[in-house]
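K.L.:
Attaching a single structure in structure tokens format; questions to follow.
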Amino acid sequence: MKSYNRYWPVTTLMGLCVTFLTISHMDKYDGIWSTICMIGFAVLIPVFAFGYKDNSVPGLLFTTFSTTIVVSNADQHNWSIVGWSAAIIYIPLLLQLVDLVRKSHKKTGSRATALTLIRMFIGLNWLTHCTGKLFTSQLDPSLVRFFSHVVGSNLIGIDFPISFTHYVIILDGLLEFVLAISLGLGLLTRFGAFVASGYLVIAQLLSGHFEAGYTWALPEGGWEFGFFFFMVTYPFMFSKTAGPISLDSHYLIERSNHGIVRTLSGA
């Protein structure tokens, strides 16, 4: 579903402003790695917005992907001015999405359009989980304690050593990043749904939520949220569920010469 993005001048200009703010606030980040990541993804916002002005589907997906990383990482570490300035970019992105949804509804109907919107949300939501694990120089001490004490105890019966815990967190973040690409961008969607479903089951078993009870609002957090997330993820293992606003559909991955690629595509 190729279409022109009429909001690209606004998105590009706002992306350039965010890039300037990100660079001018380098002193607020917690190290070299977080600085590289913040500036790198901020630069990608105007690059994607301008580079895909004539190709609205990948333009929307890639620009939203980069924007979400900047917003999420900034918000999680109290780099407020950068986070809030980047969040404003969601306004033209939302307008661009509305245009695509209208075209999608006319071409493919309401069911396919609804599926693509749900898939985008649950997929890009993985970015809010992986940013603090991958794109910051110093891991949150409470996150390290959780993985060492809770995950370690439930997996091997004892706490993970702190040095080993860091590698576990990074590996976990990389998996979540891959899921954000697969489900959020709709690239090999069925593969992403399969891995995400298994990941959610394992995460519930290792996180101790089952012992707390069902309701998420309980003091230790029950398994309600994880179960909900699983229930809206696993249906995307079915064929033709990626929807029109996906890289699977845009690049016609279901027509690949490789059978395994066609199988893993959600188009």
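Note on naming: chains are A, B, ... as they come in the structure tokens, residues start from 1 per chain, ligands start from 1 in the order shown.
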Skipping near chain neighbours, those fewer than 6 positions away, what residues fall within 12 Å of Gly31 in chain A using only C-alpha atoms, listed as a list in words?
P.N.:
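Surrounding residues, per the criterion: Cys37, Met38, Phe135, Thr136, Ser137, Gln138 and Leu139 of chain A.
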K.L.:
Write out as a ChimeraX atom specification all residues of range 63-250 of chain A that DSSP puts in alpha helix (DSSP H) for this structure's backbone.
P.N.:
/A:63-76,80-87,90-108,110-124,127-134,141-145,152-156,162-179,189-207,209-212,224-231,247-250
K.L.:
Here is a test: counting only C-alpha atoms, which residue of A:Phe62, A:Phe229, A:Phe160, A:Tyr90 is nearest to Asn125 in chain A?
P.N.:
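The closest residue to Asn125 in chain A is A:Phe229.
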K.L.:
Can you pull out the residues contacting range 207-219 of chain A? Cut-off 10 Å, using only C-alpha atoms, and skip same-chain residues under 6 positions away; I want them as number ranges by chain.
P.N.:
A: 146-147, 149-155, 225-227
K.L.:
In Å, rounded to a single decimal, give me how far CA of Gly243 in chain A is from CA of Tyr4 in chain A.
P.N.:
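According to the coordinates, CA of Tyr4 in chain A and CA of Gly243 in chain A are separated by 18.9 Å.
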K.L.:
Using only C-alpha atoms, can you tell me which of A:Val201, A:Gly132, A:Tyr7, A:Ser104 comes closest to Tyr52 in chain A?
P.N.:
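Of the candidates, the smallest distance to Tyr52 in chain A is held by A:Tyr7.
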K.L.:
From the list A:Phe164, A:Trp84, A:Tyr234, A:Phe191, which residue is nearest Ile260 in chain A when using only C-alpha atoms?
P.N.:
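When distances to Ile260 in chain A are compared using only C-alpha atoms, the smallest one comes from A:Phe191.
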K.L.:
Using only C-alpha atoms, which residues sit within 8 Å of Val70 in chain A once same-chain residues fewer than 3 positions away are excluded, as a CSV table (one decimal) with N, CA, C and O atoms, in the first residue's frame?
P.N.:
```csv
chain,number,residue,atom,x,y,z
A,38,MET,N,21.0,7.7,22.1
A,38,MET,CA,20.0,8.8,22.1
A,38,MET,C,20.2,9.7,20.8
A,38,MET,O,19.2,10.0,20.1
A,41,PHE,N,19.3,7.5,17.5
A,41,PHE,CA,17.9,7.3,17.2
A,41,PHE,C,17.2,8.6,16.9
A,41,PHE,O,16.2,8.7,16.1
A,42,ALA,N,17.7,9.7,17.5
A,42,ALA,CA,17.1,11.0,17.3
A,42,ALA,C,17.3,11.4,15.8
A,42,ALA,O,16.5,12.0,15.1
A,66,SER,N,11.8,4.7,15.8
A,66,SER,CA,12.9,5.5,16.4
A,66,SER,C,12.4,6.5,17.4
A,66,SER,O,13.0,6.7,18.4
A,67,THR,N,11.2,7.2,17.1
A,67,THR,CA,10.7,8.1,18.1
A,67,THR,C,10.4,7.5,19.4
A,67,THR,O,10.6,8.0,20.5
A,73,ASN,N,13.3,5.9,26.3
A,73,ASN,CA,14.6,6.0,27.1
A,73,ASN,C,14.7,7.3,27.9
A,73,ASN,O,15.1,7.3,29.0
A,74,ALA,N,14.2,8.4,27.3
A,74,ALA,CA,14.3,9.6,28.0
A,74,ALA,C,13.3,9.6,29.2
A,74,ALA,O,13.7,10.1,30.3
A,82,VAL,N,13.9,16.2,26.5
A,82,VAL,CA,14.1,15.4,25.3
A,82,VAL,C,12.9,14.5,25.0
A,82,VAL,O,12.4,14.4,23.9
A,83,GLY,N,12.5,13.9,26.1
A,83,GLY,CA,11.4,12.9,26.0
A,83,GLY,C,10.1,13.6,25.6
A,83,GLY,O,9.4,13.2,24.7
A,86,ALA,N,10.3,14.9,21.9
A,86,ALA,CA,10.1,13.8,20.9
A,86,ALA,C,8.7,13.3,20.9
A,86,ALA,O,8.2,12.9,19.8
```
K.L.:
For each of A:Leu205, A:Leu124, A:Leu61, A:Ile118, take the minimum atom-to-atom distance to Leu97 in chain A, counting only C-alpha atoms, then give the residue where this is smallest.
P.N.:
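Smallest distance to Leu97 in chain A is found for A:Leu61.
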K.L.:
Just want the 12 Å neighbourhood of Ser197 in chain A, counted on only C-alpha atoms, with same-chain residues fewer than 6 positions away dropped. Output as a list in words.
P.N.:
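Counting only the stated atoms, we get Ile122, Gly123, Glu176, Leu179, Leu183, Arg190, Phe191, Ala203, Gln204, Gly226, Phe227, Phe228, Phe229, Phe230, Met231, Val232, Thr233, Tyr234, Pro235, Phe236 and Met237 of chain A.
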K.L.:
Show me, as a PyMOL selection string, the residues that have an atom within 7 Å of range 13-18 of chain A when counting only C-alpha atoms, minus same-chain residues fewer than 2 positions from it.
P.N.:
chain A and resi 9-11+20-22+42+45-46+82+85-86+89
K.L.:
Let me make sure I understand: among A:His129, A:Phe65, A:Leu143, A:Ser256, which one has the smallest atom-to-atom distance to Phe48 in chain A if we use only C-alpha atoms?
P.N.:
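Counting only C-alpha atoms, the residue closest to Phe48 in chain A is A:Phe65.
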K.L.:
Identify which of the residues A:Thr116, A:Thr189, A:Ser265, A:Ser3 lies closest to Val57 in chain A, counting only C-alpha atoms when measuring atom-to-atom distances.
P.N.:
A:Ser3
K.L.:
What is the distance, in Å and to one decimal place, between CA of Val47 in chain A and CA of Thr35 in chain A?
P.N.:
18.4 Å
K.L.:
Give me, please, the distance in Å between CA of Asn5 in chain A and CA of Phe177 in chain A, quoted to one decimal.
P.N.:
26.5 Å
